[in-house]
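Below is one structure, written out as structure tokens, with a few remarks after it.
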Amino acid sequence: MGDDVIVNEEKVVIHNLGLLDWNIYKCISGAHITDEVIITEEQMMHVRTRHPEAYIDTMRYVREILDDPDYIFRDKRPNTGLVVKKFFNNDESSLLVLKIVTSDDKKNYKNSVITSWKITEKRLNNYLRNKKIIYKKV
């Protein structure tokens, strides 16, 4: 990923993914308290074990996905969005679950990628019909 790696006081390995563009991500929450976005080693392991088909692409292209999403859908959890980016042949898309940190969260938490998986064009079309679109790339 070419990121900054941090080990916090609880010995959690954190990968810094940079800053979020609030012109895009304010649709998830306007009450953010930091611009930084991270992924923990634990969450990377989750993607690697639960969604191995997505792991390599997600980790390689995470900045591109975050910097230039095609869609963001409202998630059922508060201050969380499903960030979708179409890749390559347009038959598959990468989806990131992104949690925005607000003053209601624990102190020192950062915006974070929770998990990721690939979705087919058919699944994306289902999302477009049935989920609330809160951002669409123009």
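As shown in the structure tokens, the chain order sets the letters A, B, ...; within each chain, residues go from 1, and ligands are also counted from 1 in the order they appear.
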>> Could you list, as a list in words, every residue within 6 Å of Lys118 (chain A), counting only C-alpha atoms and ignoring same-chain residues fewer than 6 positions away?
In response: Ala54, Ser93, Ser94 and Leu95 of chain A
Next, the residues of the selection above should be written as a compact mmCIF listing (two decimals), in the first residue's frame with N, CA, C and O atoms.
```txt
# COMPACT_ATOMS: atom_id res chain seq x y z
N ALA A 54 -10.98 -10.34 -2.89
CA ALA A 54 -10.93 -8.88 -2.90
C ALA A 54 -9.63 -8.34 -2.31
O ALA A 54 -9.31 -7.18 -2.53
N SER A 93 -16.80 -4.79 -9.35
CA SER A 93 -16.49 -3.56 -8.63
C SER A 93 -15.92 -3.93 -7.28
O SER A 93 -16.19 -5.00 -6.75
N SER A 94 -15.13 -3.02 -6.72
CA SER A 94 -14.65 -3.19 -5.35
C SER A 94 -15.53 -2.36 -4.44
O SER A 94 -15.91 -1.25 -4.77
N LEU A 95 -15.85 -2.92 -3.29
CA LEU A 95 -16.68 -2.24 -2.31
C LEU A 95 -15.91 -2.16 -1.01
O LEU A 95 -15.36 -3.16 -0.55
```
>> Can you pull out the residues contacting Leu128 (chain A)? Cut-off 12 Å, using only C-alpha atoms, and skip same-chain residues under 4 positions away; I want them as a ChimeraX atom specification.
In response: /A:70-74,82,84,121-124,132-136
Generate a file of the selected residues that holds N, CA, C and O atoms, formatted as a CSV table (one decimal), in the first residue's frame.
```csv
chain,number,residue,atom,x,y,z
A,70,ASP,N,-17.2,5.6,-7.5
A,70,ASP,CA,-18.3,5.7,-8.4
A,70,ASP,C,-19.6,6.0,-7.7
A,70,ASP,O,-20.4,6.7,-8.1
A,71,TYR,N,-19.8,5.2,-6.6
A,71,TYR,CA,-21.0,5.4,-5.8
A,71,TYR,C,-20.7,5.2,-4.3
A,71,TYR,O,-19.7,4.6,-3.9
A,72,ILE,N,-21.5,5.8,-3.5
A,72,ILE,CA,-21.5,5.6,-2.1
A,72,ILE,C,-23.0,5.3,-1.7
A,72,ILE,O,-23.9,6.1,-2.0
A,73,PHE,N,-23.2,4.2,-1.0
A,73,PHE,CA,-24.5,3.8,-0.6
A,73,PHE,C,-24.6,3.9,0.9
A,73,PHE,O,-23.6,3.7,1.6
A,74,ARG,N,-25.8,4.3,1.4
A,74,ARG,CA,-26.0,4.4,2.9
A,74,ARG,C,-26.0,3.0,3.4
A,74,ARG,O,-26.5,2.0,2.9
A,82,LEU,N,-21.1,2.5,2.1
A,82,LEU,CA,-20.5,1.4,1.2
A,82,LEU,C,-20.0,2.1,0.0
A,82,LEU,O,-20.7,2.7,-0.8
A,84,VAL,N,-18.1,2.3,-3.5
A,84,VAL,CA,-18.0,1.3,-4.7
A,84,VAL,C,-17.2,2.0,-5.8
A,84,VAL,O,-17.5,3.2,-6.2
A,121,GLU,N,-21.4,-7.1,-11.5
A,121,GLU,CA,-22.3,-6.1,-12.1
A,121,GLU,C,-23.8,-6.3,-11.7
A,121,GLU,O,-24.5,-5.4,-11.5
A,122,LYS,N,-24.2,-7.5,-11.7
A,122,LYS,CA,-25.5,-7.9,-11.3
A,122,LYS,C,-25.8,-7.4,-9.8
A,122,LYS,O,-26.9,-6.8,-9.6
A,123,ARG,N,-24.9,-7.6,-8.9
A,123,ARG,CA,-25.1,-7.2,-7.5
A,123,ARG,C,-25.1,-5.7,-7.5
A,123,ARG,O,-25.9,-5.1,-6.7
A,124,LEU,N,-24.2,-5.0,-8.2
A,124,LEU,CA,-24.2,-3.6,-8.2
A,124,LEU,C,-25.5,-3.0,-8.7
A,124,LEU,O,-26.1,-2.1,-8.1
A,132,LYS,N,-30.0,3.0,-0.8
A,132,LYS,CA,-30.0,4.5,-0.9
A,132,LYS,C,-28.7,5.0,-1.4
A,132,LYS,O,-27.7,4.8,-0.7
A,133,ILE,N,-28.7,5.6,-2.6
A,133,ILE,CA,-27.5,6.2,-3.2
A,133,ILE,C,-27.3,7.5,-2.5
A,133,ILE,O,-28.1,8.4,-2.6
A,134,ILE,N,-26.1,7.7,-1.8
A,134,ILE,CA,-25.9,9.0,-1.2
A,134,ILE,C,-24.8,9.8,-1.9
A,134,ILE,O,-24.6,11.0,-1.7
A,135,TYR,N,-24.1,9.2,-2.9
A,135,TYR,CA,-23.1,9.9,-3.7
A,135,TYR,C,-23.0,9.1,-5.0
A,135,TYR,O,-23.0,7.9,-5.0
A,136,LYS,N,-23.0,9.9,-6.1
A,136,LYS,CA,-22.8,9.3,-7.4
A,136,LYS,C,-21.8,10.2,-8.2
A,136,LYS,O,-22.0,11.4,-8.2
```
> Looking at only C-alpha atoms, which of A:Met44, A:Val37, A:Val62, A:Val13 is the one that sits closest to Tyr25 (chain A)?
Replying inline: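 That would be A:Val37, the residue with the smallest distance to Tyr25 (chain A).
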>> Quick check for you: according to DSSP on this backbone, which residues of chain A are classed as alpha helix (DSSP H)? Reply as a ChimeraX atom specification.
In response: /A:22-25,41-50,52-67,121-130
>> Taking 4 positions as the minimum chain separation for residues in the same chain, which residues sit within 8 Å of Ile39 (chain A) when counting only C-alpha atoms? Answer as a PyMOL selection string.
In response: chain A and resi 14-17+43-44+112-114
Keeping only C-alpha atoms, write those residues as a PDB file, in the first residue's frame.
```pdb
ATOM      1  CA  ILE A  14      -2.613   0.787  11.956  1.00  0.00           C
ATOM      2  CA  HIS A  15      -2.034   1.615   8.284  1.00  0.00           C
ATOM      3  CA  ASN A  16      -2.571   5.277   7.476  1.00  0.00           C
ATOM      4  CA  LEU A  17      -4.383   5.606   4.124  1.00  0.00           C
ATOM      5  CA  GLN A  43      -9.314  -5.519   9.408  1.00  0.00           C
ATOM      6  CA  MET A  44      -6.801  -6.388   6.687  1.00  0.00           C
ATOM      7  CA  SER A 112     -11.595   3.563   8.974  1.00  0.00           C
ATOM      8  CA  VAL A 113     -12.038   0.964   6.296  1.00  0.00           C
ATOM      9  CA  ILE A 114     -13.895  -1.851   8.058  1.00  0.00           C
TER      10      ILE A 114
END
```
> Where in chain A does DSSP assign strand (DSSP E), given as an NGL selection string?
Replying inline: :A and (4-7 or 13-19 or 36-40 or 71-74 or 80-87 or 92-99 or 111-120 or 133-136)
Writing out the chosen residues with C-alpha atoms as a compact mmCIF listing (two decimals), in the first residue's frame:
```txt
# COMPACT_ATOMS: atom_id res chain seq x y z
CA ASP A 4 2.59 4.90 7.03
CA VAL A 5 2.38 2.12 9.61
CA ILE A 6 1.71 3.04 13.23
CA VAL A 7 1.57 0.84 16.33
CA VAL A 13 -1.02 -2.05 13.94
CA ILE A 14 -2.61 0.79 11.96
CA HIS A 15 -2.03 1.61 8.28
CA ASN A 16 -2.57 5.28 7.48
CA LEU A 17 -4.38 5.61 4.12
CA GLY A 18 -4.23 9.39 3.88
CA LEU A 19 -6.99 11.99 4.01
CA GLU A 36 -7.47 10.84 8.36
CA VAL A 37 -8.52 7.39 7.19
CA ILE A 38 -6.90 4.15 8.34
CA ILE A 39 -7.21 0.39 8.18
CA THR A 40 -6.04 -1.81 11.04
CA TYR A 71 -21.02 5.35 -5.79
CA ILE A 72 -21.53 5.56 -2.06
CA PHE A 73 -24.55 3.78 -0.58
CA ARG A 74 -26.03 4.38 2.87
CA THR A 80 -21.02 4.32 7.61
CA GLY A 81 -21.07 4.07 3.85
CA LEU A 82 -20.54 1.43 1.18
CA VAL A 83 -17.96 2.92 -1.17
CA VAL A 84 -17.98 1.35 -4.67
CA LYS A 85 -15.49 1.68 -7.51
CA LYS A 86 -15.76 -0.10 -10.87
CA PHE A 87 -12.52 -1.55 -12.20
CA GLU A 92 -16.73 -6.36 -11.13
CA SER A 93 -16.49 -3.56 -8.63
CA SER A 94 -14.65 -3.19 -5.35
CA LEU A 95 -16.68 -2.24 -2.31
CA LEU A 96 -15.24 -0.75 0.87
CA VAL A 97 -17.18 -0.30 4.09
CA LEU A 98 -16.07 3.06 5.47
CA LYS A 99 -16.84 4.25 9.00
CA ASN A 111 -12.16 7.16 9.98
CA SER A 112 -11.60 3.56 8.97
CA VAL A 113 -12.04 0.96 6.30
CA ILE A 114 -13.90 -1.85 8.06
CA THR A 115 -13.94 -4.48 5.31
CA SER A 116 -14.00 -4.93 1.57
CA TRP A 117 -15.33 -7.36 -1.01
CA LYS A 118 -15.91 -7.57 -4.74
CA ILE A 119 -19.37 -7.27 -6.25
CA THR A 120 -20.52 -8.33 -9.68
CA ILE A 133 -27.46 6.17 -3.16
CA ILE A 134 -25.90 9.04 -1.22
CA TYR A 135 -23.13 9.86 -3.71
CA LYS A 136 -22.77 9.30 -7.42
```
>> Env of Ile33 (chain A): 8 Å cut, atoms = only C-alpha atoms, seq-sep filter 3 positions within chain, self excluded. Answer as a VMD selection string.
In response: chain A and resid 101 to 103
> A:Pro78, A:Glu42, A:Asn108, A:Asp91: which is nearest Val12 (chain A), counting only C-alpha atoms?
Replying inline: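 With only C-alpha atoms as the atom set, the closest residue is A:Glu42.
Using only C-alpha atoms for every distance, the candidate list A:Lys137, A:Leu66, A:Lys131, A:Leu20 yields A:Leu20 as the residue closest to Thr34 (chain A).
We find CA of Arg77 (chain A) and CA of Ser29 (chain A) to be spaced 11.7 Å apart.
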> Contacts of Asp21 (chain A) at 9 Å or less, counting only C-alpha atoms, minus same-chain residues fewer than 5 places along, as a ChimeraX atom specification?
Replying inline: /A:26,35,66-67
For N, CA, C and O atoms, I'd like the residues from the last selection saved as a JSON list (two decimals), in the first residue's frame.
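Output saved as part.json:
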```json
[["chain", "number", "residue", "atom", "x", "y", "z"],
["A", 26, "LYS", "N", -18.88, 13.90, 2.83],
["A", 26, "LYS", "CA", -19.83, 14.54, 3.73],
["A", 26, "LYS", "C", -21.21, 13.90, 3.64],
["A", 26, "LYS", "O", -22.02, 14.03, 4.55],
["A", 35, "ASP", "N", -9.79, 14.14, 9.35],
["A", 35, "ASP", "CA", -9.72, 13.88, 7.91],
["A", 35, "ASP", "C", -9.01, 12.56, 7.61],
["A", 35, "ASP", "O", -9.13, 12.03, 6.52],
["A", 66, "LEU", "N", -10.89, 5.21, -2.61],
["A", 66, "LEU", "CA", -11.28, 6.30, -1.71],
["A", 66, "LEU", "C", -11.25, 7.66, -2.39],
["A", 66, "LEU", "O", -12.09, 8.52, -2.13],
["A", 67, "ASP", "N", -10.28, 7.88, -3.28],
["A", 67, "ASP", "CA", -10.14, 9.18, -3.93],
["A", 67, "ASP", "C", -11.15, 9.42, -5.04],
["A", 67, "ASP", "O", -11.48, 10.57, -5.34]]
```
> Please, what distance in Å, to one decimal, runs between CA of Arg60 (chain A) and CA of Lys110 (chain A)?
Replying inline: 20.8 Å
> Just how far from CA of Ile28 (chain A) is CA of Met45 (chain A), in Å to one decimal?
Replying inline: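 Computed distance, CA of Met45 (chain A) to CA of Ile28 (chain A), equals 25.1 Å.
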